[in-house]
file data-v9.txt (compact mmCIF, C-alpha atoms and all ligand atoms)
# COMPACT_ATOMS: atom_id res chain seq x y z
CA MET A 1 137.54 -92.58 -114.47
CA ARG A 2 137.21 -96.29 -115.10
CA ILE A 3 134.57 -97.44 -117.58
CA ASP A 4 133.51 -101.06 -118.10
CA VAL A 5 131.27 -102.19 -120.96
CA VAL A 6 129.70 -105.67 -121.24
CA SER A 7 128.57 -106.74 -124.72
CA ILE A 8 128.24 -109.80 -126.97
CA PHE A 9 129.87 -107.69 -129.69
CA PRO A 10 133.04 -106.30 -128.04
CA ASP A 11 134.50 -105.32 -131.43
CA TYR A 12 131.57 -102.91 -131.83
CA LEU A 13 133.18 -100.82 -129.08
CA ALA A 14 136.62 -100.69 -130.76
CA PRO A 15 136.21 -97.02 -131.80
CA LEU A 16 136.40 -96.09 -128.11
CA LYS A 17 140.12 -96.74 -128.40
CA LEU A 18 140.49 -94.06 -131.09
CA SER A 19 140.89 -90.27 -131.17
CA LEU A 20 140.20 -88.17 -128.09
CA LEU A 21 139.10 -91.07 -125.89
CA GLY A 22 142.00 -93.19 -127.10
CA ARG A 23 144.48 -90.47 -126.20
CA ALA A 24 142.78 -89.98 -122.82
CA GLN A 25 143.37 -93.68 -122.13
CA GLU A 26 147.02 -93.37 -123.14
CA ASP A 27 147.28 -90.38 -120.79
CA GLY A 28 145.73 -92.34 -117.93
CA LEU A 29 142.71 -90.01 -117.67
CA LEU A 30 140.30 -92.77 -118.65
CA SER A 31 140.45 -96.53 -118.65
CA ILE A 32 137.88 -98.40 -120.72
CA ALA A 33 137.54 -102.17 -120.35
CA ILE A 34 135.31 -104.16 -122.71
CA HIS A 35 133.99 -107.54 -121.51
CA ASP A 36 132.57 -110.21 -123.85
CA LEU A 37 129.41 -111.57 -122.24
CA ARG A 38 130.05 -114.94 -123.88
CA ASP A 39 133.16 -115.31 -121.71
CA PHE A 40 130.76 -115.76 -118.79
CA THR A 41 128.77 -118.65 -120.27
CA SER A 42 129.32 -122.27 -119.30
CA ASP A 43 128.05 -124.29 -122.27
CA ARG A 44 130.01 -125.27 -125.35
CA HIS A 45 127.84 -123.03 -127.54
CA ARG A 46 128.45 -120.03 -125.25
CA THR A 47 124.68 -119.43 -125.14
CA VAL A 48 123.53 -115.99 -123.95
CA ASP A 49 119.81 -116.08 -124.86
CA ASP A 50 116.69 -118.20 -124.61
CA THR A 51 112.98 -118.05 -125.44
CA PRO A 52 110.78 -115.63 -123.47
CA TYR A 53 108.49 -116.84 -120.67
CA GLY A 54 104.94 -115.90 -121.61
CA GLY A 55 105.67 -116.40 -125.31
CA GLY A 56 106.23 -113.73 -127.93
CA ALA A 57 108.71 -113.16 -130.71
CA GLY A 58 112.45 -113.00 -130.29
CA MET A 59 114.81 -114.12 -127.54
CA VAL A 60 115.70 -112.82 -124.06
CA MET A 61 119.22 -112.60 -122.62
CA LYS A 62 119.82 -115.22 -119.92
CA PRO A 63 120.46 -113.91 -116.38
CA GLU A 64 123.43 -115.95 -115.15
CA PRO A 65 126.06 -114.79 -117.68
CA TRP A 66 125.10 -111.20 -116.87
CA ALA A 67 125.46 -111.72 -113.12
CA LEU A 68 128.89 -113.31 -113.59
CA ALA A 69 130.02 -110.54 -115.94
CA LEU A 70 128.79 -107.79 -113.63
CA GLU A 71 130.44 -109.47 -110.63
CA ARG A 72 133.71 -109.34 -112.56
CA VAL A 73 133.08 -105.62 -113.25
CA LEU A 74 132.47 -104.97 -109.54
CA GLU A 75 135.69 -106.76 -108.68
CA GLU A 76 137.76 -104.86 -111.26
CA GLN A 77 136.20 -101.51 -110.40
CA ARG A 78 136.79 -101.87 -106.65
CA PRO A 79 140.18 -100.06 -106.57
CA ALA A 80 138.85 -97.10 -108.59
CA GLN A 81 135.70 -97.07 -106.46
CA ASP A 82 137.73 -97.07 -103.22
CA ALA A 83 139.98 -94.29 -104.53
CA GLY A 84 136.97 -92.35 -105.83
CA THR A 85 135.08 -92.50 -102.53
CA ASP A 86 138.04 -90.74 -100.90
CA GLY A 87 138.19 -88.18 -103.65
CA PRO A 88 137.03 -84.57 -103.06
CA GLY A 89 135.12 -84.45 -106.35
CA GLU A 90 132.41 -81.82 -106.50
CA ALA A 91 129.17 -83.31 -107.84
CA ALA A 92 126.71 -81.32 -109.92
CA PRO A 93 124.10 -79.87 -107.55
CA GLY A 94 121.01 -81.98 -106.93
CA THR A 95 122.48 -85.02 -108.56
CA ALA A 96 122.80 -88.56 -107.30
CA ALA A 97 126.55 -88.07 -107.13
CA SER A 98 125.99 -85.21 -104.71
CA GLY A 99 124.17 -87.51 -102.30
CA ALA A 100 120.78 -86.23 -103.40
CA ASP A 101 119.74 -89.84 -103.92
CA ASP A 102 120.60 -92.04 -100.94
CA ALA A 103 119.27 -95.06 -102.80
CA ALA A 104 122.80 -95.43 -104.12
CA ALA A 105 124.31 -95.59 -100.63
CA GLN A 106 125.77 -98.88 -99.41
CA PRO A 107 126.60 -100.06 -95.88
CA GLY A 108 129.52 -98.08 -94.49
CA GLY A 109 128.55 -95.06 -96.57
CA ARG A 110 130.23 -96.35 -99.72
CA ARG A 111 128.30 -95.23 -102.79
CA ARG A 112 127.20 -97.97 -105.17
CA PRO A 113 128.91 -97.86 -108.57
CA VAL A 114 126.69 -96.73 -111.44
CA LEU A 115 125.44 -99.28 -113.99
CA VAL A 116 123.93 -97.70 -117.09
CA VAL A 117 121.62 -99.96 -119.06
CA PRO A 118 120.77 -98.54 -122.50
CA SER A 119 117.08 -99.20 -123.08
CA PRO A 120 114.24 -97.72 -125.16
CA ALA A 121 112.37 -97.75 -121.83
CA GLY A 122 115.00 -95.66 -120.03
CA GLU A 123 115.19 -92.06 -118.89
CA VAL A 124 116.39 -89.86 -121.75
CA PHE A 125 120.12 -89.14 -121.77
CA THR A 126 120.86 -85.41 -121.50
CA GLN A 127 123.90 -83.17 -121.12
CA ARG A 128 122.94 -82.75 -117.48
CA MET A 129 123.15 -86.53 -117.04
CA ALA A 130 126.51 -86.50 -118.87
CA TYR A 131 127.81 -84.00 -116.30
CA GLU A 132 126.42 -86.13 -113.46
CA LEU A 133 127.98 -89.34 -114.77
CA ALA A 134 131.31 -87.58 -115.38
CA GLU A 135 131.54 -87.06 -111.60
CA GLU A 136 131.58 -90.82 -110.93
CA PRO A 137 134.88 -92.66 -110.30
CA THR A 138 133.57 -95.60 -112.34
CA LEU A 139 130.80 -96.34 -114.83
CA ALA A 140 129.53 -99.72 -116.03
CA PHE A 141 127.42 -100.20 -119.17
CA ALA A 142 125.35 -103.29 -119.98
CA CYS A 143 124.63 -103.66 -123.71
CA GLY A 144 121.40 -105.57 -124.22
CA ARG A 145 120.51 -107.31 -127.45
CA TYR A 146 117.55 -109.35 -128.79
CA GLU A 147 114.34 -108.44 -126.89
CA GLY A 148 116.35 -107.35 -123.88
CA ILE A 149 117.92 -108.66 -120.67
CA ASP A 150 115.98 -110.85 -118.17
CA GLU A 151 114.52 -108.25 -115.76
CA ARG A 152 115.80 -110.18 -112.76
CA VAL A 153 119.33 -109.12 -113.76
CA LEU A 154 118.41 -105.50 -113.10
CA ASP A 155 116.68 -106.50 -109.84
CA TRP A 156 119.82 -108.36 -108.73
CA ALA A 157 122.09 -105.57 -109.97
CA ARG A 158 120.24 -103.00 -107.81
CA GLU A 159 121.72 -104.77 -104.77
CA HIS A 160 125.22 -103.92 -106.01
CA PHE A 161 124.90 -100.94 -108.37
CA GLU A 162 122.97 -97.74 -108.80
CA VAL A 163 121.11 -99.03 -111.88
CA ARG A 164 120.10 -96.41 -114.47
CA PRO A 165 118.12 -97.51 -117.54
CA VAL A 166 118.87 -94.80 -120.13
CA SER A 167 117.56 -94.09 -123.64
CA LEU A 168 119.12 -91.87 -126.31
CA GLY A 169 115.70 -91.04 -127.67
CA ASP A 170 112.38 -92.41 -128.80
CA TYR A 171 113.59 -94.93 -131.32
CA VAL A 172 114.71 -98.56 -131.13
CA LEU A 173 118.19 -99.80 -131.98
CA ASN A 174 119.26 -103.43 -132.40
CA GLY A 175 121.33 -103.27 -129.24
CA GLY A 176 122.83 -101.04 -126.64
CA GLU A 177 126.33 -100.71 -128.15
CA VAL A 178 125.65 -97.65 -130.30
CA ALA A 179 123.99 -95.92 -127.35
CA VAL A 180 126.98 -96.75 -125.12
CA MET A 181 129.42 -95.29 -127.67
CA ALA A 182 127.47 -92.03 -127.68
CA MET A 183 127.21 -91.86 -123.89
CA VAL A 184 130.87 -92.78 -123.29
CA GLU A 185 131.92 -90.02 -125.69
CA ALA A 186 129.55 -87.46 -124.14
CA VAL A 187 130.72 -88.32 -120.60
CA GLY A 188 134.40 -88.99 -121.37
CA ARG A 189 134.94 -85.57 -122.95
CA LEU A 190 133.79 -83.93 -119.71
CA VAL A 191 136.47 -85.66 -117.62
CA PRO A 192 139.06 -82.99 -116.73
CA GLY A 193 142.03 -83.06 -119.10
CA VAL A 194 140.36 -85.08 -121.86
CA VAL A 195 139.43 -82.04 -123.96
CA GLY A 196 142.51 -79.87 -124.53
CA ASN A 197 140.77 -76.54 -124.04
CA PRO A 198 138.08 -76.76 -121.31
CA GLU A 199 136.78 -73.39 -122.54
CA SER A 200 135.35 -75.25 -125.54
CA LEU A 201 133.05 -77.14 -123.19
CA ILE A 202 131.47 -73.97 -121.91
CA GLU A 203 129.85 -72.55 -125.05
CA GLU A 204 128.42 -75.57 -126.77
CA SER A 205 124.93 -76.86 -127.37
CA HIS A 206 123.08 -77.73 -124.17
CA SER A 207 125.90 -76.57 -121.88
CA ASP A 208 123.63 -73.67 -120.85
CA GLY A 209 120.31 -75.25 -121.80
CA LEU A 210 120.28 -73.65 -125.26
CA LEU A 211 121.36 -74.80 -128.72
CA GLU A 212 124.68 -73.37 -129.86
CA TYR A 213 125.02 -70.32 -132.10
CA PRO A 214 126.17 -70.62 -135.77
CA VAL A 215 129.93 -70.47 -136.37
CA TYR A 216 131.96 -69.14 -139.33
CA THR A 217 135.57 -69.02 -140.49
CA LYS A 218 137.58 -67.63 -143.46
CA PRO A 219 136.88 -66.57 -146.16
CA SER A 220 134.49 -63.79 -145.06
CA SER A 221 132.69 -64.03 -148.43
CA TRP A 222 132.16 -67.49 -149.94
CA ARG A 223 130.08 -68.38 -153.01
CA GLY A 224 127.89 -65.30 -152.48
CA HIS A 225 127.40 -66.05 -148.77
CA ASP A 226 128.90 -63.51 -146.35
CA VAL A 227 129.82 -63.86 -142.68
CA PRO A 228 127.41 -61.76 -140.54
CA GLU A 229 128.92 -58.28 -140.30
CA VAL A 230 128.76 -58.19 -136.49
CA LEU A 231 131.32 -61.01 -136.29
CA LEU A 232 133.82 -58.88 -138.24
CA SER A 233 133.21 -55.81 -136.05
CA GLY A 234 135.59 -56.63 -133.21
CA ASN A 235 132.87 -55.37 -130.85
CA HIS A 236 132.79 -58.24 -128.34
CA GLY A 237 129.73 -56.92 -126.54
CA ARG A 238 127.74 -56.86 -129.78
CA ILE A 239 129.14 -60.24 -130.75
CA SER A 240 128.10 -61.85 -127.45
CA GLN A 241 124.63 -60.31 -127.72
CA TRP A 242 124.23 -61.52 -131.32
CA ARG A 243 125.35 -65.03 -130.37
CA LEU A 244 122.85 -65.23 -127.50
CA GLU A 245 120.08 -64.01 -129.82
CA GLN A 246 121.06 -66.73 -132.32
CA GLN A 247 120.96 -69.35 -129.57
CA LEU A 248 117.51 -68.26 -128.45
CA ARG A 249 116.22 -68.08 -132.03
CA ARG A 250 117.54 -71.54 -132.90
CA THR A 251 116.26 -73.07 -129.68
CA ALA A 252 112.80 -71.54 -130.13
CA ALA A 253 112.65 -72.83 -133.70
CA ARG A 254 114.08 -76.33 -133.21
CA ARG A 255 113.68 -77.27 -129.53
CA PRO A 256 111.12 -74.94 -127.91
CA GLU A 257 110.71 -77.31 -124.98
CA LEU A 258 114.27 -76.50 -123.88
CA LEU A 259 113.36 -72.87 -123.27
CA GLU A 260 111.49 -73.79 -120.07
CA GLY A 261 114.68 -75.20 -118.53
CA ALA A 262 117.46 -73.03 -119.94
CA ASP A 263 119.41 -72.40 -116.78
CA ALA A 264 123.16 -72.59 -116.88
CA ALA A 265 123.40 -73.12 -113.12
CA ALA A 266 121.17 -76.16 -113.37
CA PHE A 267 123.86 -78.14 -115.15
CA GLY A 268 126.58 -77.68 -112.57
CA LYS A 269 128.81 -76.72 -115.45
CA PRO A 270 131.92 -74.55 -115.13
CA GLU A 271 130.99 -70.86 -115.06
CA ARG A 272 130.71 -69.29 -118.52
CA ALA A 273 133.86 -67.34 -119.47
CA VAL A 274 133.29 -63.55 -119.28
N1 LIG B 1 117.18 -96.83 -128.11
C1 LIG B 1 117.60 -98.11 -127.77
N2 LIG B 1 117.23 -99.22 -128.38
C2 LIG B 1 117.78 -100.36 -127.81
C3 LIG B 1 117.56 -101.68 -128.20
C4 LIG B 1 118.20 -102.69 -127.50
BR1 LIG B 1 117.92 -104.49 -128.04
C5 LIG B 1 119.02 -102.44 -126.43
C6 LIG B 1 119.23 -101.14 -126.03
C7 LIG B 1 118.61 -100.11 -126.72
S1 LIG B 1 118.67 -98.40 -126.46
call {"tool": "encode", "arguments": {"input": "data-v9.txt", "output": "structure tokens"}}
result
Amino acid sequence: MRIDVVSIFPDYLAPLKLSLLGRAQEDGLLSIAIHDLRDFTSDRHRTVDDTPYGGGAGMVMKPEPWALALERVLEEQRPAQDAGTDGPGEAAPGTAASGADDAAAQPGGRRRPVLVVPSPAGEVFTQRMAYELAEEPTLAFACGRYEGIDERVLDWAREHFEVRPVSLGDYVLNGGEVAVMAMVEAVGRLVPGVVGNPESLIEESHSDGLLEYPVYTKPSSWRGHDVPEVLLSGNHGRISQWRLEQQLRRTAARRPELLEGADAAAFGKPERAV
């Protein structure tokens, strides 16, 4: 998978070169390119913002640098897009990648590349969306700052990308970079080969619509706190049952709204190990 990120703070994205994602890039499983929006300005001050039409506080990001930056992304993603459109990749059922949304289709049947725009006004990012996005041959991310990006950029981008405004939650950041880091990690780890043991992706929070069960390791008794006896029993049937009960209990207590949609099949995730 090729990932392109456009930002006025490219150094903010440096951690994407570290750890698991860094190794995945060394192994050729991922390639992550960071583009400085200011490289696509034409004035000596490398201006990327201006005052808002209609008045109001703050500044708005100018459209032209964004169009030039996103055109560069399209150009650089073309080989991965062309290779990806020939790929057999299974898409999670009912997702845009599976053709469920023909709005992304382009002339000649080529699917438009995905452009994720972090925004407090976006659809909420979920594990299901992470699985969907992990099916794409390329992803582009546009990191807004100030009061946001001129809306005409998104209108223009829809002619070339499948544009997805996405929020991490109901709070406001100072820019999209932190949101992009979270999404790139959530998606990147789902790309085959990135996580050493794919089994670890199966039983984790949200992989089956529930929060994960509590985990323990040695010593079995620690500062007066003991590991639940069932986990020491060696009875795998009892252990599985206890873990599911813990998931349901935690989810009911902390995220009751998830219980309406807890359906492993809905996420298109690999089947749970037996
Ligand atoms: N929750 C989020 N807040 C923000 C703020 C800006 Br400015 C850009 C993107 C995002 S995503």
call {"tool": "residues_near_point", "arguments": {"input": "data-v9.txt", "point": "(126.4, -66.9, -131.7)", "cutoff": "8 Å", "atoms": "all atoms listed in the file", "output": "ChimeraX atom specification"}}
result
/A:212-215,239-247
call {"tool": "residues_near_ligand", "arguments": {"input": "data-v9.txt", "ligand": "ligand LIG 1 (chain B)", "cutoff": "10 Å", "atoms": "all atoms listed in the file", "output": "PyMOL selection string"}}
result
chain A and resi 60-61+117-122+124+142-149+165-180
call {"tool": "closest_residue", "arguments": {"input": "data-v9.txt", "among": "A:Ile202, A:Ala69, A:Ala57, A:Ala14", "to": "Arg38 in chain A", "atoms": "all atoms listed in the file"}}
result
A:Ala69
call {"tool": "closest_residue", "arguments": {"input": "data-v9.txt", "among": "A:Glu229, A:Glu260, A:Asp50, A:Glu185", "to": "Leu18 in chain A", "atoms": "all atoms listed in the file"}}
result
A:Glu185
call {"tool": "closest_residue", "arguments": {"input": "data-v9.txt", "among": "A:Pro65, A:Pro198, A:Gly188, A:Pro256", "to": "Asp43 in chain A", "atoms": "all atoms listed in the file"}}
result
A:Pro65
call {"tool": "closest_residue", "arguments": {"input": "data-v9.txt", "among": "A:Ile8, A:Val194, A:Ala140, A:Met1", "to": "Glu75 in chain A", "atoms": "only C-alpha atoms"}}
result
A:Ala140
